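Novice: This is protein_25.pdb (PDB, C-alpha atoms).
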```pdb
MODEL        1
ATOM      1  CA  MET A   1       8.879 -32.591  31.957
ATOM      2  CA  GLU A   2       7.337 -32.473  28.489
ATOM      3  CA  TYR A   3       4.813 -29.851  29.639
ATOM      4  CA  VAL A   4       7.622 -27.700  31.011
ATOM      5  CA  THR A   5       9.383 -27.911  27.648
ATOM      6  CA  ILE A   6       6.193 -26.900  25.834
ATOM      7  CA  ILE A   7       5.686 -23.909  28.150
ATOM      8  CA  LEU A   8       9.292 -22.749  27.744
ATOM      9  CA  ARG A   9       9.177 -23.144  23.948
ATOM     10  CA  THR A  10       5.890 -21.232  23.843
ATOM     11  CA  LEU A  11       7.327 -18.333  25.843
ATOM     12  CA  LEU A  12      10.519 -18.317  23.763
ATOM     13  CA  LEU A  13       8.648 -18.299  20.451
ATOM     14  CA  TYR A  14       6.260 -15.646  21.744
ATOM     15  CA  GLY A  15       9.233 -13.380  22.464
ATOM     16  CA  VAL A  16      10.884 -14.188  19.131
ATOM     17  CA  ILE A  17       7.711 -13.428  17.153
ATOM     18  CA  LEU A  18       7.207 -10.118  18.983
ATOM     19  CA  PHE A  19      10.796  -9.182  18.173
ATOM     20  CA  ILE A  20      10.374 -10.179  14.515
ATOM     21  CA  PHE A  21       7.201  -8.127  14.113
ATOM     22  CA  ARG A  22       8.889  -5.093  15.660
ATOM     23  CA  MET A  23      11.792  -5.543  13.243
ATOM     24  CA  MET A  24       9.391  -5.545  10.290
ATOM     25  CA  GLY A  25       8.099  -2.080  11.132
ATOM     26  CA  LYS A  26       4.846  -0.538  12.313
ATOM     27  CA  ARG A  27       1.869  -1.166  10.074
ATOM     28  CA  GLU A  28      -1.773  -1.628  10.930
ATOM     29  CA  ILE A  29      -3.267  -5.076  10.317
ATOM     30  CA  GLY A  30      -5.520  -3.651   7.608
ATOM     31  CA  GLU A  31      -2.517  -2.156   5.837
ATOM     32  CA  LEU A  32      -0.471  -5.345   5.555
ATOM     33  CA  SER A  33       0.793  -6.142   2.081
ATOM     34  CA  ILE A  34       0.474  -9.592   0.555
ATOM     35  CA  LEU A  35       4.146 -10.164   1.339
ATOM     36  CA  ASP A  36       3.616  -9.218   5.001
ATOM     37  CA  LEU A  37       0.625 -11.529   5.243
ATOM     38  CA  VAL A  38       2.494 -14.485   3.731
ATOM     39  CA  VAL A  39       5.437 -14.013   6.103
ATOM     40  CA  PHE A  40       3.173 -13.680   9.149
ATOM     41  CA  ILE A  41       1.248 -16.837   8.242
ATOM     42  CA  MET A  42       4.444 -18.820   7.681
ATOM     43  CA  ILE A  43       5.977 -17.662  10.963
ATOM     44  CA  GLY A  44       2.764 -18.477  12.819
ATOM     45  CA  GLU A  45       2.662 -21.979  11.298
ATOM     46  CA  MET A  46       6.283 -22.607  12.238
ATOM     47  CA  ALA A  47       5.615 -21.536  15.824
ATOM     48  CA  VAL A  48       2.612 -23.867  16.132
ATOM     49  CA  ILE A  49       4.547 -26.839  14.734
ATOM     50  CA  ALA A  50       7.480 -26.141  17.071
ATOM     51  CA  ILE A  51       5.168 -26.083  20.092
ATOM     52  CA  GLU A  52       3.338 -29.262  19.052
ATOM     53  CA  GLN A  53       6.609 -31.130  18.474
ATOM     54  CA  PRO A  54       8.712 -30.458  21.597
ATOM     55  CA  LYS A  55      11.229 -33.165  20.697
ATOM     56  CA  ASP A  56      12.223 -31.388  17.497
ATOM     57  CA  PRO A  57      15.243 -29.046  18.037
ATOM     58  CA  ILE A  58      14.111 -25.447  18.462
ATOM     59  CA  PHE A  59      16.757 -24.263  15.989
ATOM     60  CA  HIS A  60      14.839 -26.060  13.216
ATOM     61  CA  THR A  61      12.187 -23.387  13.764
ATOM     62  CA  LEU A  62      14.336 -20.376  14.646
ATOM     63  CA  VAL A  63      16.566 -20.612  11.558
ATOM     64  CA  PRO A  64      13.656 -20.388   9.019
ATOM     65  CA  MET A  65      12.157 -17.546  11.059
ATOM     66  CA  ILE A  66      15.417 -15.622  10.902
ATOM     67  CA  VAL A  67      15.674 -16.255   7.149
ATOM     68  CA  LEU A  68      12.121 -14.952   6.620
ATOM     69  CA  THR A  69      12.822 -11.877   8.732
ATOM     70  CA  ILE A  70      15.987 -11.027   6.797
ATOM     71  CA  SER A  71      14.159 -11.592   3.502
ATOM     72  CA  GLN A  72      11.332  -9.300   4.593
ATOM     73  CA  ILE A  73      13.754  -6.527   5.601
ATOM     74  CA  VAL A  74      15.614  -6.836   2.283
ATOM     75  CA  PHE A  75      12.345  -6.711   0.316
ATOM     76  CA  ALA A  76      11.232  -3.680   2.339
ATOM     77  CA  PHE A  77      14.506  -1.938   1.445
ATOM     78  CA  PHE A  78      13.986  -2.609  -2.268
ATOM     79  CA  SER A  79      10.380  -1.406  -1.944
ATOM     80  CA  LEU A  80      11.646   1.920  -0.603
ATOM     81  CA  LYS A  81      14.128   2.286  -3.448
ATOM     82  CA  SER A  82      12.061   1.042  -6.381
ATOM     83  CA  GLU A  83       8.450   1.887  -7.189
ATOM     84  CA  THR A  84       8.403  -0.884  -9.802
ATOM     85  CA  PHE A  85       9.360  -3.455  -7.161
ATOM     86  CA  ARG A  86       6.864  -1.932  -4.712
ATOM     87  CA  ARG A  87       4.038  -2.219  -7.218
ATOM     88  CA  LEU A  88       5.054  -5.786  -8.032
ATOM     89  CA  VAL A  89       4.958  -6.818  -4.362
ATOM     90  CA  ASP A  90       2.272  -4.573  -2.853
ATOM     91  CA  GLY A  91       0.212  -3.672  -5.903
ATOM     92  CA  SER A  92      -1.010  -0.141  -6.595
ATOM     93  CA  PRO A  93      -4.169   1.855  -5.822
ATOM     94  CA  THR A  94      -7.004   1.495  -8.329
ATOM     95  CA  VAL A  95      -9.521   4.248  -9.031
ATOM     96  CA  ILE A  96     -12.946   2.576  -8.935
ATOM     97  CA  ILE A  97     -15.034   5.755  -9.178
ATOM     98  CA  SER A  98     -13.744   8.868 -10.927
ATOM     99  CA  ASN A  99     -15.737  12.114 -11.099
ATOM    100  CA  GLY A 100     -18.806  10.154 -10.027
ATOM    101  CA  LYS A 101     -18.456   7.552 -12.793
ATOM    102  CA  ILE A 102     -17.849   3.866 -11.988
ATOM    103  CA  ASP A 103     -14.959   2.223 -13.845
ATOM    104  CA  GLU A 104     -16.265  -1.301 -14.465
ATOM    105  CA  LYS A 105     -13.106  -2.264 -16.342
ATOM    106  CA  ALA A 106     -10.943  -1.443 -13.310
ATOM    107  CA  MET A 107     -13.320  -3.413 -11.098
ATOM    108  CA  ARG A 108     -13.090  -6.494 -13.314
ATOM    109  CA  LYS A 109      -9.312  -6.238 -13.377
ATOM    110  CA  GLN A 110      -9.235  -6.285  -9.560
ATOM    111  CA  ARG A 111     -11.927  -9.010  -9.369
ATOM    112  CA  TYR A 112     -13.994  -6.518  -7.431
ATOM    113  CA  ASN A 113     -17.783  -6.627  -7.812
ATOM    114  CA  PHE A 114     -20.652  -4.253  -7.064
ATOM    115  CA  ASP A 115     -21.536  -6.088  -3.856
ATOM    116  CA  ASP A 116     -17.988  -5.451  -2.581
ATOM    117  CA  LEU A 117     -18.290  -1.798  -3.569
ATOM    118  CA  LEU A 118     -21.671  -1.309  -1.906
ATOM    119  CA  VAL A 119     -20.562  -3.024   1.299
ATOM    120  CA  GLN A 120     -17.485  -0.831   1.626
ATOM    121  CA  LEU A 121     -19.456   2.308   0.787
ATOM    122  CA  ARG A 122     -21.959   1.472   3.539
ATOM    123  CA  GLU A 123     -19.044   1.025   5.941
ATOM    124  CA  LYS A 124     -18.092   4.614   5.061
ATOM    125  CA  ASN A 125     -21.705   5.730   5.709
ATOM    126  CA  VAL A 126     -22.207   6.497   2.015
ATOM    127  CA  LYS A 127     -25.813   5.741   1.093
ATOM    128  CA  ASN A 128     -25.749   6.619  -2.588
ATOM    129  CA  ILE A 129     -23.071   6.020  -5.240
ATOM    130  CA  ALA A 130     -24.213   9.280  -6.841
ATOM    131  CA  ASP A 131     -22.745  11.116  -3.825
ATOM    132  CA  VAL A 132     -19.241   9.744  -4.525
ATOM    133  CA  GLU A 133     -16.757  11.826  -6.490
ATOM    134  CA  PHE A 134     -13.785   9.464  -6.114
ATOM    135  CA  ALA A 135     -13.363   5.971  -4.694
ATOM    136  CA  ILE A 136      -9.933   4.358  -4.641
ATOM    137  CA  LEU A 137      -9.268   0.706  -3.872
ATOM    138  CA  GLU A 138      -6.014   0.679  -1.908
ATOM    139  CA  PRO A 139      -3.403  -2.140  -2.080
ATOM    140  CA  SER A 140      -4.559  -3.151   1.419
ATOM    141  CA  SER A 141      -8.097  -3.731  -0.054
ATOM    142  CA  LYS A 142      -9.480  -0.742   1.857
ATOM    143  CA  LEU A 143     -11.704   1.643  -0.079
ATOM    144  CA  SER A 144     -10.900   5.350   0.221
ATOM    145  CA  VAL A 145     -14.003   7.406  -0.531
ATOM    146  CA  PHE A 146     -14.267  11.118  -1.339
ATOM    147  CA  GLU A 147     -17.798  12.461  -1.471
ATOM    148  CA  LYS A 148     -18.961  15.300  -3.685
ATOM    149  CA  GLU A 149     -18.962  18.733  -2.088
ATOM    150  CA  LYS A 150     -22.378  20.270  -2.524
ATOM    151  CA  GLY A 151     -22.587  23.841  -3.700
ATOM    152  CA  LYS A 152     -18.960  23.972  -4.881
ATOM    153  CA  LYS A 153     -17.251  23.745  -8.236
ATOM    154  CA  LYS A 154     -17.644  20.482 -10.107
ATOM    155  CA  THR A 155     -13.997  20.050 -10.977
ATOM    156  CA  PRO A 156     -12.163  17.132  -9.300
ATOM    157  CA  SER A 157     -11.229  17.908  -5.699
ATOM    158  CA  LEU A 158      -9.016  14.860  -5.170
ATOM    159  CA  THR A 159      -5.304  15.601  -4.998
ATOM    160  CA  LEU A 160      -3.336  12.667  -6.397
ATOM    161  CA  PRO A 161       0.451  12.462  -6.757
ATOM    162  CA  LEU A 162       1.689  13.268 -10.254
ATOM    163  CA  ILE A 163       5.223  12.136  -9.363
ATOM    164  CA  LYS A 164       6.306   9.577  -6.768
ATOM    165  CA  ASP A 165       9.940   8.630  -6.183
ATOM    166  CA  GLY A 166      10.969  10.265  -9.450
ATOM    167  CA  VAL A 167       8.361   8.423 -11.541
ATOM    168  CA  ILE A 168       5.544  10.210 -13.391
ATOM    169  CA  GLN A 169       2.085   8.803 -12.543
ATOM    170  CA  GLU A 170       0.493   8.879 -15.985
ATOM    171  CA  GLU A 171      -2.840   7.448 -14.806
ATOM    172  CA  HIS A 172      -3.203  10.352 -12.367
ATOM    173  CA  LEU A 173      -2.346  12.868 -15.068
ATOM    174  CA  ALA A 174      -5.101  11.370 -17.206
ATOM    175  CA  LEU A 175      -7.611  12.067 -14.423
ATOM    176  CA  ILE A 176      -6.863  15.805 -14.657
ATOM    177  CA  HIS A 177      -6.763  15.598 -18.470
ATOM    178  CA  GLN A 178      -3.059  16.360 -18.789
ATOM    179  CA  THR A 179      -0.007  14.610 -20.262
ATOM    180  CA  PRO A 180       3.553  13.855 -19.087
ATOM    181  CA  GLU A 181       4.816  16.423 -21.598
ATOM    182  CA  TRP A 182       2.650  19.090 -19.972
ATOM    183  CA  LEU A 183       3.968  18.163 -16.541
ATOM    184  CA  VAL A 184       7.618  18.234 -17.645
ATOM    185  CA  LYS A 185       7.102  21.652 -19.229
ATOM    186  CA  GLN A 186       5.384  23.056 -16.130
ATOM    187  CA  LEU A 187       8.126  21.796 -13.831
ATOM    188  CA  ALA A 188      10.851  23.146 -16.108
ATOM    189  CA  LYS A 189       9.260  26.603 -15.871
ATOM    190  CA  ARG A 190       9.665  26.331 -12.103
ATOM    191  CA  GLY A 191      13.309  25.290 -12.320
ATOM    192  CA  TYR A 192      12.840  21.521 -11.914
ATOM    193  CA  ARG A 193      14.478  19.901 -14.934
ATOM    194  CA  ARG A 194      15.199  16.439 -13.515
ATOM    195  CA  ILE A 195      12.093  14.386 -12.809
ATOM    196  CA  ASP A 196      14.172  11.663 -11.151
ATOM    197  CA  ARG A 197      15.216  14.158  -8.443
ATOM    198  CA  ILE A 198      11.616  14.846  -7.405
ATOM    199  CA  SER A 199      10.359  12.769  -4.501
ATOM    200  CA  TYR A 200       6.714  13.864  -4.539
ATOM    201  CA  CYS A 201       4.650  16.232  -6.652
ATOM    202  CA  THR A 202       0.949  17.147  -6.614
ATOM    203  CA  TYR A 203      -1.169  19.716  -8.435
ATOM    204  CA  GLU A 204      -4.324  21.426  -7.191
ATOM    205  CA  ASP A 205      -6.112  24.637  -8.166
ATOM    206  CA  GLY A 206      -3.250  25.687 -10.451
ATOM    207  CA  ALA A 207      -0.598  25.276  -7.756
ATOM    208  CA  PHE A 208       2.144  22.639  -7.535
ATOM    209  CA  TYR A 209       3.498  21.065  -4.394
ATOM    210  CA  ILE A 210       7.013  19.769  -5.103
ATOM    211  CA  ASP A 211       9.355  17.946  -2.741
ATOM    212  CA  GLU A 212      12.835  17.047  -3.941
ATOM    213  CA  LYS A 213      14.708  13.945  -2.824
ATOM    214  CA  ASP A 214      17.141  14.331   0.036
ATOM    215  CA  GLU A 215      20.765  14.544  -0.963
TER     216      GLU A 215
ENDMDL
END
```
As structure tokens, how would this structure be written, given the file I've shared?

Specialist:
Amino acid sequence: MEYVTIILRTLLLYGVILFIFRMMGKREIGELSILDLVVFIMIGEMAVIAIEQPKDPIFHTLVPMIVLTISQIVFAFFSLKSETFRRLVDGSPTVIISNGKIDEKAMRKQRYNFDDLLVQLREKNVKNIADVEFAILEPSSKLSVFEKEKGKKKTPSLTLPLIKDGVIQEEHLALIHQTPEWLVKQLAKRGYRRIDRISYCTYEDGAFYIDEKDE
């Protein structure tokens, strides 16, 4: 009888966990945030304990799972609404190589060493750091690499957002040697006087791409 209980609890928890993961949204394993990872580990631990202790009421496991799921959905909502909260929970991308120059200070801040960099560059089939124009360490710990384009202009070819969710990205402006004041002035010329109403803005080859927030 105990084995039957274990089998039934296993099947029930399997279904519950599948439902919970679907509720949390579709993200690849490599793109999980720290918050996602913590929740997944906790839910997995609870499921294992519930299966190993069949005499313990199943609700002692289901209730914490439900609480974690609700918490995750609430945090995801705040992440959509607030970039500050999103950066606090998920972190933000870090430029490791800019215009072919390695930023050792950024690497130290992320506790990221040259061995890590070389390994991830090899995974991208990049044999020489000198061939890299930009390398960005994403919040998911993946390295996005943009190689130099031979025979073309030497100005940066990477298009980074200058505004996200109504917030000016000053570090990205610095990469193109511009200031927030310059950006505000350029947008005003184009009829955009409220930065907080702009959802996404990029700049490349003298042209702006601007997307306003939905009403």

Novice: One decimal, Å: what's the distance from atom CA of Ile70 of chain A over to atom CA of Lys142 of chain A, could you say?

Specialist: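 Atom CA of Lys142 of chain A lies 27.9 Å from atom CA of Ile70 of chain A.
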
Novice: With the PyMOL selection byres ((chain A and resi 110) around 12) as the selection, what would be picked from this file? Answer as a CSV table (one decimal) with C-alpha atoms, in the frame of the given file, please.

Specialist:
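New file selection10.csv:
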```
chain,number,residue,atom,x,y,z
A,91,GLY,CA,0.2,-3.7,-5.9
A,92,SER,CA,-1.0,-0.1,-6.6
A,93,PRO,CA,-4.2,1.9,-5.8
A,94,THR,CA,-7.0,1.5,-8.3
A,95,VAL,CA,-9.5,4.2,-9.0
A,96,ILE,CA,-12.9,2.6,-8.9
A,103,ASP,CA,-15.0,2.2,-13.8
A,104,GLU,CA,-16.3,-1.3,-14.5
A,105,LYS,CA,-13.1,-2.3,-16.3
A,106,ALA,CA,-10.9,-1.4,-13.3
A,107,MET,CA,-13.3,-3.4,-11.1
A,108,ARG,CA,-13.1,-6.5,-13.3
A,109,LYS,CA,-9.3,-6.2,-13.4
A,111,ARG,CA,-11.9,-9.0,-9.4
A,112,TYR,CA,-14.0,-6.5,-7.4
A,113,ASN,CA,-17.8,-6.6,-7.8
A,114,PHE,CA,-20.7,-4.3,-7.1
A,116,ASP,CA,-18.0,-5.5,-2.6
A,117,LEU,CA,-18.3,-1.8,-3.6
A,136,ILE,CA,-9.9,4.4,-4.6
A,137,LEU,CA,-9.3,0.7,-3.9
A,138,GLU,CA,-6.0,0.7,-1.9
A,139,PRO,CA,-3.4,-2.1,-2.1
A,141,SER,CA,-8.1,-3.7,-0.1
```

Novice: For the structure shown, which residues end up in the PyMOL selection byres ((chain A and resi 164) around 6)? Put them as a list of chain:residue names, please?

Specialist: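 Applied to this file, the PyMOL selection byres ((chain A and resi 164) around 6) selects A:Ile163, A:Asp165, A:Gly166, A:Val167, A:Ser199, A:Tyr200.
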
Novice: Fewer than 3 positions away in the same chain doesn't count, so skip those; otherwise give me all residues within 12 Å of Val126 of chain A, counting all atoms listed in the file, as an MDAnalysis selection string.

Specialist: chainID A and resid 117:123 129:133 135 143:148

Novice: Atom CA of Val39 of chain A to atom CA of Thr69 of chain A: how many Å, to one decimal?

Specialist: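 Atom CA of Thr69 of chain A lies 8.1 Å from atom CA of Val39 of chain A.
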
Novice: Using all atoms listed in the file, find the one residue out of A:Ser71, A:Asn99, A:Gln178, A:Thr61 that sits nearest to Asp36 of chain A.

Specialist: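 Under the stated criterion, the closest residue is A:Ser71.
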
Novice: Evaluate the PyMOL selection byres ((chain A and resi 40) around 12) against this structure - the residues, as a PyMOL selection string, please.

Specialist: chain A and resi 17-18+20-21+24+29+32-39+41-47+65+68-69+72

Novice: Taking all atoms listed in the file into account, which of A:Lys55, A:Arg22, A:Gly15, A:Gly100 comes nearest Tyr3 of chain A?

Specialist: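 Closest residue, counting all atoms listed in the file: A:Lys55.
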
Novice: Would you mind reading off the distance between atom CA of Asn125 of chain A and atom CA of Leu175 of chain A, one decimal, in Å?

Specialist: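 Interatomic distance, atom CA of Asn125 of chain A to atom CA of Leu175 of chain A: 25.4 Å.
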
Novice: For segment 194-204 of chain A, I'd like the enclosing box, axis-aligned and padded by 4 Å on every side, reported as lines of an AutoDock Vina configuration file with centre and edge lengths in Å to one decimal.

Specialist:
```
center_x = 5.4
center_y = 16.5
center_z = -9.0
size_x = 27.5
size_y = 17.8
size_z = 17.0
```

Novice: Kindly indicate which residue among A:Leu11, A:Ile195, A:Leu187, A:Val4 lies nearest to Ala207 of chain A, using all atoms listed in the file for the distances.

Specialist: A:Leu187
